[in-house]
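Have a look at entry32.txt; it's compact mmCIF, C-alpha atoms:
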# COMPACT_ATOMS: atom_id res chain seq x y z
CA MET Q 1274 -76.95 -121.41 16.03
CA GLN Q 1275 -78.71 -118.71 18.00
CA PHE Q 1276 -82.25 -118.06 19.17
CA SER Q 1277 -83.35 -114.58 20.22
CA HIS Q 1278 -86.10 -112.00 20.32
CA SER Q 1279 -85.46 -108.72 18.56
CA ASP Q 1280 -84.78 -105.65 20.68
CA ALA Q 1281 -88.02 -104.19 19.32
CA MET Q 1282 -89.98 -107.14 20.74
CA TRP Q 1283 -88.47 -106.67 24.20
CA GLN Q 1284 -89.22 -102.96 24.06
CA ALA Q 1285 -92.82 -103.50 22.94
CA PHE Q 1286 -93.42 -106.30 25.46
CA PRO Q 1287 -91.24 -105.56 28.50
CA GLU Q 1288 -93.32 -108.01 30.54
CA LEU Q 1289 -92.16 -110.90 28.31
CA ARG Q 1290 -90.43 -113.77 30.07
CA ALA Q 1291 -88.95 -116.55 27.94
CA ALA Q 1292 -86.78 -119.63 28.11
CA ALA Q 1293 -85.12 -121.77 25.45
CA LEU Q 1294 -83.79 -125.31 25.55
CA HIS Q 1295 -81.81 -127.36 23.04
CA ALA Q 1296 -81.43 -131.13 23.12
CA ASP Q 1297 -80.09 -133.88 20.89
CA GLY Q 1298 -80.84 -137.60 21.14
CA ILE Q 1299 -84.55 -137.29 20.42
CA HIS Q 1300 -86.37 -140.33 19.00
CA ALA Q 1301 -89.97 -141.39 18.51
CA ASP Q 1302 -89.93 -144.51 20.71
CA ALA Q 1303 -90.15 -142.99 24.19
CA ASP Q 1304 -93.07 -144.00 26.42
CA VAL Q 1305 -94.35 -140.81 28.02
CA GLU Q 1306 -97.95 -141.82 28.73
CA ALA Q 1307 -97.60 -141.97 32.51
CA VAL Q 1308 -96.11 -138.49 32.83
CA ILE Q 1309 -98.64 -137.11 30.34
CA ALA Q 1310 -101.42 -138.45 32.57
CA ASP Q 1311 -99.93 -136.57 35.53
CA PHE Q 1312 -99.83 -133.26 33.67
CA ASN Q 1313 -103.30 -133.82 32.24
CA ALA Q 1314 -104.62 -134.32 35.76
CA ILE Q 1315 -103.20 -130.92 36.76
CA ALA Q 1316 -104.97 -129.29 33.82
CA GLU Q 1317 -108.23 -131.12 34.51
CA ALA Q 1318 -108.22 -129.96 38.12
CA ARG Q 1319 -107.63 -126.36 37.15
CA LEU Q 1320 -110.31 -126.43 34.48
CA THR Q 1321 -112.88 -127.55 37.06
CA GLN Q 1322 -112.32 -124.21 38.79
CA ALA Q 1323 -112.47 -121.94 35.72
CA GLN Q 1324 -112.39 -122.01 31.95
CA GLU Q 1325 -109.08 -121.37 30.24
CA GLY Q 1326 -110.07 -117.85 29.17
CA GLU Q 1327 -110.09 -116.82 32.84
CA PHE Q 1328 -106.54 -118.05 33.55
CA PRO Q 1329 -104.11 -115.13 34.09
CA GLU Q 1330 -101.62 -116.75 31.70
CA ILE Q 1331 -104.21 -116.84 28.91
CA ARG Q 1332 -105.66 -113.41 29.67
CA ALA Q 1333 -102.17 -111.93 29.36
CA TRP Q 1334 -101.70 -113.51 25.93
CA ARG Q 1335 -105.12 -112.24 24.85
CA ARG Q 1336 -104.04 -108.72 25.80
CA GLY Q 1337 -100.80 -109.26 23.92
CA PHE Q 1338 -102.64 -110.40 20.79
CA SER Q 1339 -104.90 -107.35 21.01
CA ARG Q 1340 -101.81 -105.13 21.14
CA MET Q 1341 -100.60 -106.86 17.97
CA GLY Q 1342 -103.86 -105.91 16.27
CA LEU Q 1343 -105.30 -109.43 16.38
CA LYS Q 1344 -108.74 -110.45 17.60
CA PRO Q 1345 -107.84 -112.73 20.53
CA THR Q 1346 -110.87 -115.01 20.17
CA GLN Q 1347 -110.05 -115.53 16.48
CA TYR Q 1348 -106.32 -116.08 16.94
CA ARG Q 1349 -105.47 -117.88 20.16
CA CYS Q 1350 -102.08 -118.58 21.65
CA ALA Q 1351 -101.11 -122.25 21.41
CA SER Q 1352 -101.73 -123.04 25.08
CA GLU Q 1353 -105.24 -121.59 24.98
CA ALA Q 1354 -106.05 -123.62 21.87
CA LEU Q 1355 -104.78 -126.78 23.56
CA LEU Q 1356 -106.68 -126.09 26.79
CA ARG Q 1357 -109.86 -125.35 24.89
CA ARG Q 1358 -109.65 -128.64 22.99
CA PHE Q 1359 -108.69 -130.54 26.13
CA ARG Q 1360 -111.63 -129.08 28.06
CA GLN Q 1361 -114.02 -130.16 25.31
CA GLU Q 1362 -112.54 -133.59 24.55
CA HIS Q 1363 -110.62 -134.45 27.76
CA ALA Q 1364 -107.70 -135.61 25.63
CA LEU Q 1365 -105.34 -134.45 22.91
CA PRO Q 1366 -104.33 -136.41 19.79
CA ARG Q 1367 -101.00 -138.23 19.92
CA LEU Q 1368 -98.45 -136.91 17.40
CA HIS Q 1369 -94.93 -137.71 18.64
CA PRO Q 1370 -93.79 -138.53 22.20
CA LEU Q 1371 -91.92 -135.22 22.58
CA ILE Q 1372 -94.77 -133.13 21.18
CA ASP Q 1373 -97.29 -135.04 23.29
CA LEU Q 1374 -95.17 -134.42 26.38
CA CYS Q 1375 -94.71 -130.71 25.68
CA ASN Q 1376 -98.41 -130.33 24.94
CA ALA Q 1377 -99.22 -131.89 28.32
CA ILE Q 1378 -96.77 -129.59 30.10
CA SER Q 1379 -98.27 -126.65 28.22
CA LEU Q 1380 -101.72 -127.69 29.49
CA ALA Q 1381 -100.49 -127.92 33.08
CA PHE Q 1382 -98.76 -124.52 33.01
CA ALA Q 1383 -101.18 -122.79 30.58
CA ILE Q 1384 -98.08 -121.45 28.79
CA PRO Q 1385 -97.36 -121.93 25.07
CA ILE Q 1386 -94.42 -124.17 24.19
CA ALA Q 1387 -92.94 -124.31 20.70
CA VAL Q 1388 -90.80 -127.25 19.55
CA PHE Q 1389 -88.68 -126.96 16.40
CA ASP Q 1390 -86.60 -129.52 14.51
CA THR Q 1391 -83.26 -127.69 14.37
CA GLU Q 1392 -82.21 -129.49 11.19
CA LYS Q 1393 -84.93 -127.54 9.37
CA ILE Q 1394 -83.79 -124.13 10.62
CA ALA Q 1395 -81.33 -122.16 8.49
CA GLY Q 1396 -78.92 -120.10 10.55
CA ASP Q 1397 -80.30 -118.19 13.51
CA LEU Q 1398 -83.94 -118.04 14.61
CA GLU Q 1399 -85.37 -114.71 15.75
CA VAL Q 1400 -88.77 -113.61 17.00
CA ARG Q 1401 -89.36 -110.35 15.14
CA ARG Q 1402 -91.81 -108.35 13.07
CA ALA Q 1403 -92.28 -109.65 9.52
CA LYS Q 1404 -91.35 -107.62 6.48
CA GLY Q 1405 -94.02 -109.42 4.44
CA ASP Q 1406 -91.82 -111.30 1.98
CA GLU Q 1407 -91.01 -114.22 4.26
CA THR Q 1408 -92.39 -117.67 3.42
CA TYR Q 1409 -94.40 -119.90 5.74
CA LEU Q 1410 -95.16 -123.57 5.03
CA THR Q 1411 -98.49 -124.78 6.40
CA PHE Q 1412 -99.01 -128.31 7.68
CA GLY Q 1413 -101.06 -128.88 4.53
CA GLY Q 1414 -98.10 -128.01 2.31
CA ASP Q 1415 -99.27 -124.56 1.19
CA VAL Q 1416 -96.93 -121.57 1.17
CA GLU Q 1417 -98.13 -118.34 2.80
CA HIS Q 1418 -96.57 -114.93 3.33
CA PRO Q 1419 -96.97 -113.38 6.80
CA GLU Q 1420 -98.51 -109.95 6.91
CA PRO Q 1421 -96.06 -107.03 7.22
CA ASN Q 1422 -95.44 -106.26 10.90
CA GLU Q 1423 -96.81 -109.65 12.01
CA VAL Q 1424 -94.74 -111.31 14.75
CA ILE Q 1425 -92.97 -114.38 13.40
CA PHE Q 1426 -90.12 -116.77 14.18
CA ALA Q 1427 -87.79 -116.06 11.24
CA ASP Q 1428 -84.65 -117.93 10.20
CA GLY Q 1429 -81.68 -116.94 8.07
CA LYS Q 1430 -83.42 -117.86 4.83
CA GLU Q 1431 -86.39 -115.57 5.57
CA ARG Q 1432 -88.63 -118.51 6.42
CA ALA Q 1433 -91.27 -118.12 9.12
CA HIS Q 1434 -91.33 -121.07 11.51
CA ALA Q 1435 -94.31 -119.64 13.39
CA ARG Q 1436 -96.96 -117.04 12.59
CA ARG Q 1437 -98.70 -114.56 14.89
CA TRP Q 1438 -96.09 -115.22 17.56
CA THR Q 1439 -97.50 -118.11 19.64
CA ASN Q 1440 -100.49 -118.82 17.43
CA ARG Q 1441 -99.36 -121.31 14.78
CA GLN Q 1442 -96.12 -123.14 13.99
CA SER Q 1443 -94.93 -124.13 10.53
CA GLY Q 1444 -95.00 -127.58 9.03
CA LEU Q 1445 -91.43 -127.03 7.84
CA SER Q 1446 -89.75 -127.46 11.23
CA ALA Q 1447 -92.42 -129.62 12.89
CA VAL Q 1448 -91.10 -132.59 14.84
CA GLN Q 1449 -91.22 -135.82 12.83
CA ALA Q 1450 -90.27 -139.45 13.46
CA THR Q 1451 -86.84 -138.66 12.04
CA THR Q 1452 -86.21 -135.64 14.30
CA ARG Q 1453 -83.05 -135.92 16.41
CA SER Q 1454 -82.31 -132.35 17.56
CA VAL Q 1455 -84.85 -129.85 18.90
CA LEU Q 1456 -85.14 -126.28 20.08
CA ILE Q 1457 -87.88 -125.75 22.66
CA VAL Q 1458 -89.14 -122.25 23.44
CA ALA Q 1459 -91.58 -121.16 26.16
CA GLU Q 1460 -92.90 -117.60 26.48
CA ALA Q 1461 -95.31 -115.88 28.86
CA LEU Q 1462 -96.60 -112.38 29.60
CA HIS Q 1463 -98.47 -112.69 32.91
CA ALA Q 1464 -97.41 -111.23 36.26
CA SER Q 1465 -95.69 -114.34 37.65
CA ALA Q 1466 -94.25 -115.37 34.29
CA GLY Q 1467 -90.63 -115.26 35.43
CA ASP Q 1468 -91.07 -117.88 38.14
CA ASP Q 1469 -93.48 -119.96 36.08
CA ILE Q 1470 -91.27 -120.05 32.98
CA ALA Q 1471 -88.29 -121.11 35.11
CA ARG Q 1472 -90.30 -123.98 36.62
CA LEU Q 1473 -91.67 -124.96 33.22
CA ILE Q 1474 -88.28 -125.21 31.48
CA GLU Q 1475 -86.85 -127.19 34.41
CA THR Q 1476 -89.84 -129.51 34.13
CA VAL Q 1477 -89.22 -130.00 30.42
CA ALA Q 1478 -85.52 -130.63 30.97
CA ASP Q 1479 -86.21 -133.19 33.70
CA ALA Q 1480 -88.70 -135.04 31.49
CA LEU Q 1481 -86.25 -135.07 28.58
CA VAL Q 1482 -83.50 -136.59 30.69
CA ARG Q 1483 -85.88 -139.22 32.04
CA HIS Q 1484 -87.17 -140.34 28.63
CA TRP Q 1485 -84.40 -139.65 26.10
CA PRO Q 1486 -80.57 -139.91 26.04
CA ALA Q 1487 -80.45 -136.12 26.09
CA THR Q 1488 -78.31 -133.55 27.88
CA PRO Q 1489 -80.39 -130.39 27.57
CA LYS Q 1490 -78.83 -126.95 27.38
CA MET Q 1491 -81.18 -124.17 28.45
CA ALA Q 1492 -81.31 -120.48 29.26
CA MET Q 1493 -83.67 -117.85 30.59
CA LEU Q 1494 -83.94 -114.91 28.19
CA SER Q 1495 -84.36 -111.21 28.93
CA LEU Q 1496 -83.64 -107.82 27.42
CA ALA Q 1497 -80.30 -107.89 29.24
CA SER Q 1498 -79.54 -111.44 28.02
CA PRO Q 1499 -81.66 -111.95 24.89
CA ARG Q 1500 -79.66 -114.62 23.02
CA PHE Q 1501 -79.42 -118.38 23.40
CA GLU Q 1502 -76.44 -119.99 21.65
CA PHE Q 1503 -76.61 -123.70 20.89
CA ARG Q 1504 -75.04 -126.25 18.61
CA GLY Q 1505 -77.48 -127.09 15.86
CA PHE Q 1506 -77.37 -128.84 12.51
CA GLU Q 1507 -77.27 -127.45 9.01
CA ALA Q 1508 -80.78 -126.96 7.66
CA HIS Q 1509 -81.99 -129.13 4.82
CA ASP Q 1510 -83.39 -127.30 1.83
CA ALA Q 1511 -87.17 -127.50 1.66

Translate the structure described by the file into structure tokens.
Amino acid sequence: MQFSHSDAMWQAFPELRAAALHADGIHADADVEAVIADFNAIAEARLTQAQEGEFPEIRAWRRGFSRMGLKPTQYRCASEALLRRFRQEHALPRLHPLIDLCNAISLAFAIPIAVFDTEKIAGDLEVRRAKGDETYLTFGGDVEHPEPNEVIFADGKERAHARRWTNRQSGLSAVQATTRSVLIVAEALHASAGDDIARLIETVADALVRHWPATPKMAMLSLASPRFEFRGFEAHDA
């Protein structure tokens, strides 16, 4: 399997910095509460200094959403949505140990992290502009069609696994109790994104090794090296 951004995405967003990680051996029994508390404390400390909308990481995504023709206070990148909820409630709901961990790391870095069950992805996964005939499964079970030219994560069966780039993932490839193999993607647009994304993906890999019998494979992505090859599983029909 392969994950990539289209050439057009790199050309339109040359400031993009991204990393991808694949790991097997995932299960729902890991105890990650202690490490989550550490990352939450980092986010809490930063939020005492400024609200999330003032963070350079979030401001860069807001500019990116504006360039995509989206109102950035209506459609927020995933890390901004998490930070906003965390600031208001001082906690996030628990969903699955891996998702909870990645959400906490996303809070600490203010960078969106997507986690996909690779068994639900058909063929390769590419971040690209939508044609408009792709299908997207909501968490409520409804089927939507992305708008033409919308940025999506599209697989080989023309299914969108995320809409509006880093705004909203699909219920189709969401991590479940039965998930065993995952693709994790982090993306950023701010000035120090290269260094921050590298630290973030190393942080994720270290946490995976500590809490799961996983041997992560990861890569930094760029226009010069835009593709991440990994061994996945055949997608189940949905």

Find the residue from Q:Leu1481, Q:Ala1450, Q:Met1282, Q:Cys1375 that sits nearest to Q:Val1424; use all atoms listed in the file when measuring.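 With all atoms listed in the file as the atom set, the closest residue is Q:Met1282.
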
Counting only C-alpha atoms, the residue of Q:Leu1473, Q:Ala1403, Q:Ala1314, Q:Ala1497 that sits nearest Q:Ala1364: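 Answer, going by the shortest atom-to-atom distance: Q:Ala1314.
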
Nearest to Q:Asp1468, restricted to only C-alpha atoms and choosing among Q:Asp1415, Q:Ser1277, Q:Leu1410, Q:Ala1291, comes out as Q:Ala1291

Grab the atom CA of Q:Phe1382 to atom CA of Q:Phe1412 distance for me, in Å with one decimal place.
->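 Pair atom CA of Q:Phe1382 / atom CA of Q:Phe1412 returns 25.6 Å.
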
Restricting the calculation to only C-alpha atoms, which member of Q:Pro1345, Q:Pro1287, Q:Gly1326, Q:Pro1499 is positioned closest to Q:Arg1437?
->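 Looking only at the distances to Q:Arg1437, the closest residue turns out to be Q:Pro1345.
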
Any chance you could tabulate, as a tab-separated table, the residues of stretch 1336-1410 of chain Q at most 12 Å from stretch 1316-1325 of chain Q with each one's nearest atom pair and distance in Å to one decimal, using all atoms listed in the file, in chain and rising number order?
residue	atom	partner	partner_atom	distance
Q:Arg1349	CA	Q:Glu1325	CA	11.3
Q:Cys1350	CA	Q:Glu1325	CA	11.4
Q:Ala1351	CA	Q:Glu1325	CA	11.9
Q:Ser1352	CA	Q:Glu1325	CA	9.1
Q:Glu1353	CA	Q:Glu1325	CA	6.5
Q:Ala1354	CA	Q:Glu1325	CA	9.2
Q:Leu1355	CA	Q:Glu1325	CA	9.6
Q:Leu1356	CA	Q:Glu1325	CA	6.3
Q:Arg1357	CA	Q:Glu1325	CA	6.7
Q:Arg1358	CA	Q:Glu1325	CA	10.3
Q:Phe1359	CA	Q:Glu1317	CA	8.4
Q:Arg1360	CA	Q:Leu1320	CA	7.1
Q:Gln1361	CA	Q:Leu1320	CA	10.6
Q:Glu1362	CA	Q:Glu1317	CA	11.1
Q:His1363	CA	Q:Glu1317	CA	7.9
Q:Ala1364	CA	Q:Glu1317	CA	10.0
Q:Asn1376	CA	Q:Ala1316	CA	11.1
Q:Ala1377	CA	Q:Ala1316	CA	8.4
Q:Ile1378	CA	Q:Ala1316	CA	9.0
Q:Ser1379	CA	Q:Ala1316	CA	9.1
Q:Leu1380	CA	Q:Ala1316	CA	5.6
Q:Ala1381	CA	Q:Ala1316	CA	4.7
Q:Phe1382	CA	Q:Ala1316	CA	7.9
Q:Ala1383	CA	Q:Glu1325	CA	8.0
Q:Ile1384	CA	Q:Glu1325	CA	11.1

List the spatial neighbours of Q:Glu1423 as a PDB file with C-alpha atoms, in the frame of the given file - criterion: any atom at most 9 Å away, all atoms listed in the file, same-chain residues fewer than 6 positions off excluded.
ATOM      1  CA  MET Q1341    -100.600-106.860  17.970  1.00  0.00           C
ATOM      2  CA  ARG Q1401     -89.360-110.350  15.140  1.00  0.00           C
ATOM      3  CA  ARG Q1402     -91.810-108.350  13.070  1.00  0.00           C
ATOM      4  CA  ALA Q1403     -92.280-109.650   9.520  1.00  0.00           C
ATOM      5  CA  LYS Q1404     -91.350-107.620   6.480  1.00  0.00           C
ATOM      6  CA  GLY Q1405     -94.020-109.420   4.440  1.00  0.00           C
ATOM      7  CA  ARG Q1436     -96.960-117.040  12.590  1.00  0.00           C
ATOM      8  CA  ARG Q1437     -98.700-114.560  14.890  1.00  0.00           C
ATOM      9  CA  TRP Q1438     -96.090-115.220  17.560  1.00  0.00           C
TER      10      TRP Q1438
END

As an exercise, work out the distance from atom CA of Q:His1484 to atom CA of Q:Leu1368 in Å and give it to one decimal place.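 Distance between the two atoms: 16.3 Å.
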